[in-house]
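A short worksheet on the structure shown next.
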Amino acid sequence: MKYLITTLLLILATTLCQAQSAQDSILIANAKWHSETNIANGITHRSAQIVGLYGSVQSINVVEIPRSHRGYYGIAGGKGMLTTSTQATDNNAQAAINGTYYNMRAGNSVCFYKVGGEVIDSTSVSEFRSRVNGAVKTHKRKLQILKWNKSIEQGYRGKRGTVLASGPLLLEGGKTSDWSACDEGFILSRHPRSAVLLTRRGDVLFLTVDGRSKGNADGMSIPELAFLARQLGAVEGINLDGGGSTTLWMRGVGVVNYPSDNRRYDHAGERKVSNIIYVR
C-alpha cells in the first residue's frame with residue numbers, strides 16, 4: 001500500500017509539472033540570462049532569476065562545456081571535507097560543481113567512489129534505498145552518466161577513470177526517469193539542487209538551482225529539476241548532493257551561485273563537501 005501511494009504521488013507530481021510545461025517553457029526560453037561569459041576554450045556561464053517558474057522564484061546557474069572543449073574531466077575527493085572552491089583550485093579546474101552525498105561528521109562519501117582500480121568508498125544501504133540509482137564517470141576528455149544499483153556496484157571491475165555514484169537520475173535517453181523507488185519526501189520537496197547534464201550533441205552542463213531564500217530562490221523538486229534539464233537541451237542527467245552543499249565555481253570568478261549554508265542570499269555560504277566534479 002505504501003509503495004502504491006508513493007507511486008501515485010510521484011505520477012501526480014510529474015503530471016502537474018507537465019500541465020505547467022507550456023507556461024514554464026516560455027518563462028525559461030524568455031528568461032533574461034545574465035553574465036554570459038566565455039571563460040576558456042568555449043566554456044560559458046549563464047545565470048537567471050526567473051519569477052513565476054513553477055509558481056515560484058528560481059535562481060539558476062549553468063556552466064556549459066562544449067563537446068569541442070579540449071580539457072579533461074575529473075572527480076576529486078578523499079581528503080576529508082573541503083569547500084568546492086578549495087578543491088577546484090587545488091585541481092587547477094576551470095569550472096567545478098559539488099559532488100555526491102557524504103557523512104558530515106567523518107567527511108567520507110556515502111556513495112561509491114572509485115579512482116582507477118582503487119575503491120575509496122561504497123554506497124550505503126540507505127542511499128540505495130532512498131535516491132542513488134546513477135553514477136558519473138570521468139576519464140580524460142570524456143564524462144558519462146551511468147545507471148547504477150547494488151548489483152552493478154558489486155560487479156564493477158573498471159580500472160580506468162573515476163566513478164562517483166549519486167542520484168536520482170533525472171533523464172535517460174531524453175525521457176524523464178522513474179523515481180517510484182526513491183524516497184517520496186526527497187523527490188517532491190523543494191531544495192537547492194545540483195546536477196550534471198549531457199546534451200544530445202555531447203555538451204556537458206553543470207547546473208545549480210538555489211533555494212532556502214524566500215523571495216530570491218525557492219528551490220526545486222526533482223520533477224521540476226528534470227523539466228528544467230530538458231528545457232536546457234539535456235537528454236541525460238543526474239542529481240547530485242544539494243541543500244547547503246549546492247555550489248558552482250568558475251576560475252577567475254569564484255562561486256557563481258548563492259549557496260544557502262550561511263542562510264544569506266550571497267556567494268559566501270559555501271559548505272565543506274567530500275568531493276567535486278570538475279573540468280580543467
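All residue names refer to the C-alpha cells as shown: chains lettered A, B, ... in order, residues numbered from 1 in each chain, ligands numbered from 1 in order.
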Would you mind listing what lies within 7 Å of Pro168 of chain A as JSON, numbers by chain, with only C-alpha atoms counted and same-chain residues fewer than 4 positions away left out? {"A": [131, 132, 133, 134, 238, 239]}
Contacts of Leu188 of chain A within 7 Å, only C-alpha atoms, excl. fewer than 3 positions in-chain, as a compact mmCIF listing (two decimals) with N, CA and C atoms, in the first residue's frame:
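Here's the written file around.txt:
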```txt
# COMPACT_ATOMS: atom_id res chain seq x y z
N GLU A 184 10.00 9.44 -1.21
CA GLU A 184 8.95 10.36 -1.67
C GLU A 184 9.22 11.81 -1.26
N GLY A 185 9.60 12.01 0.00
CA GLY A 185 9.84 13.36 0.51
C GLY A 185 10.97 14.05 -0.22
N SER A 221 11.81 20.77 -6.80
CA SER A 221 11.64 19.33 -6.59
C SER A 221 12.39 18.61 -7.71
N ILE A 222 12.52 17.30 -7.60
CA ILE A 222 13.20 16.53 -8.65
C ILE A 222 12.44 16.59 -9.98
```
Please provide as JSON, numbers by chain all residues within 10 Å of Gly233 of chain A, with the sequence filter that same-chain residues fewer than 2 positions apart are discarded (counting only C-alpha atoms). {"A": [174, 197, 198, 199, 200, 201, 203, 205, 228, 229, 230, 231, 235, 236]}
List the neighbours of Ala95 of chain A out to 6 Å using only C-alpha atoms; skip same-chain residues closer than 5 positions along the sequence, and give me the result as a ChimeraX atom specification. /A:249-250,278-279
Looking only at helix (DSSP H, G or I) from DSSP on the backbone, list the matching residues of segment 94-156 of chain A as JSON, numbers by chain. {"A": [125, 126, 127, 128, 129, 130, 150, 151, 152, 153, 154, 155]}
Find, counting only C-alpha atoms, the residue in A:Ala106, A:Ala22, A:Val196, A:Cys111 that gets nearest to Ala226 of chain A.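 Among the listed residues, the smallest separation from Ala226 of chain A belongs to A:Val196.
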If I take atom CA of Gly202 of chain A and atom CA of Ala234 of chain A, how far is one from the other in Å, to one decimal?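 If I compute the distance from atom CA of Gly202 of chain A to atom CA of Ala234 of chain A, I get 9.3 Å.
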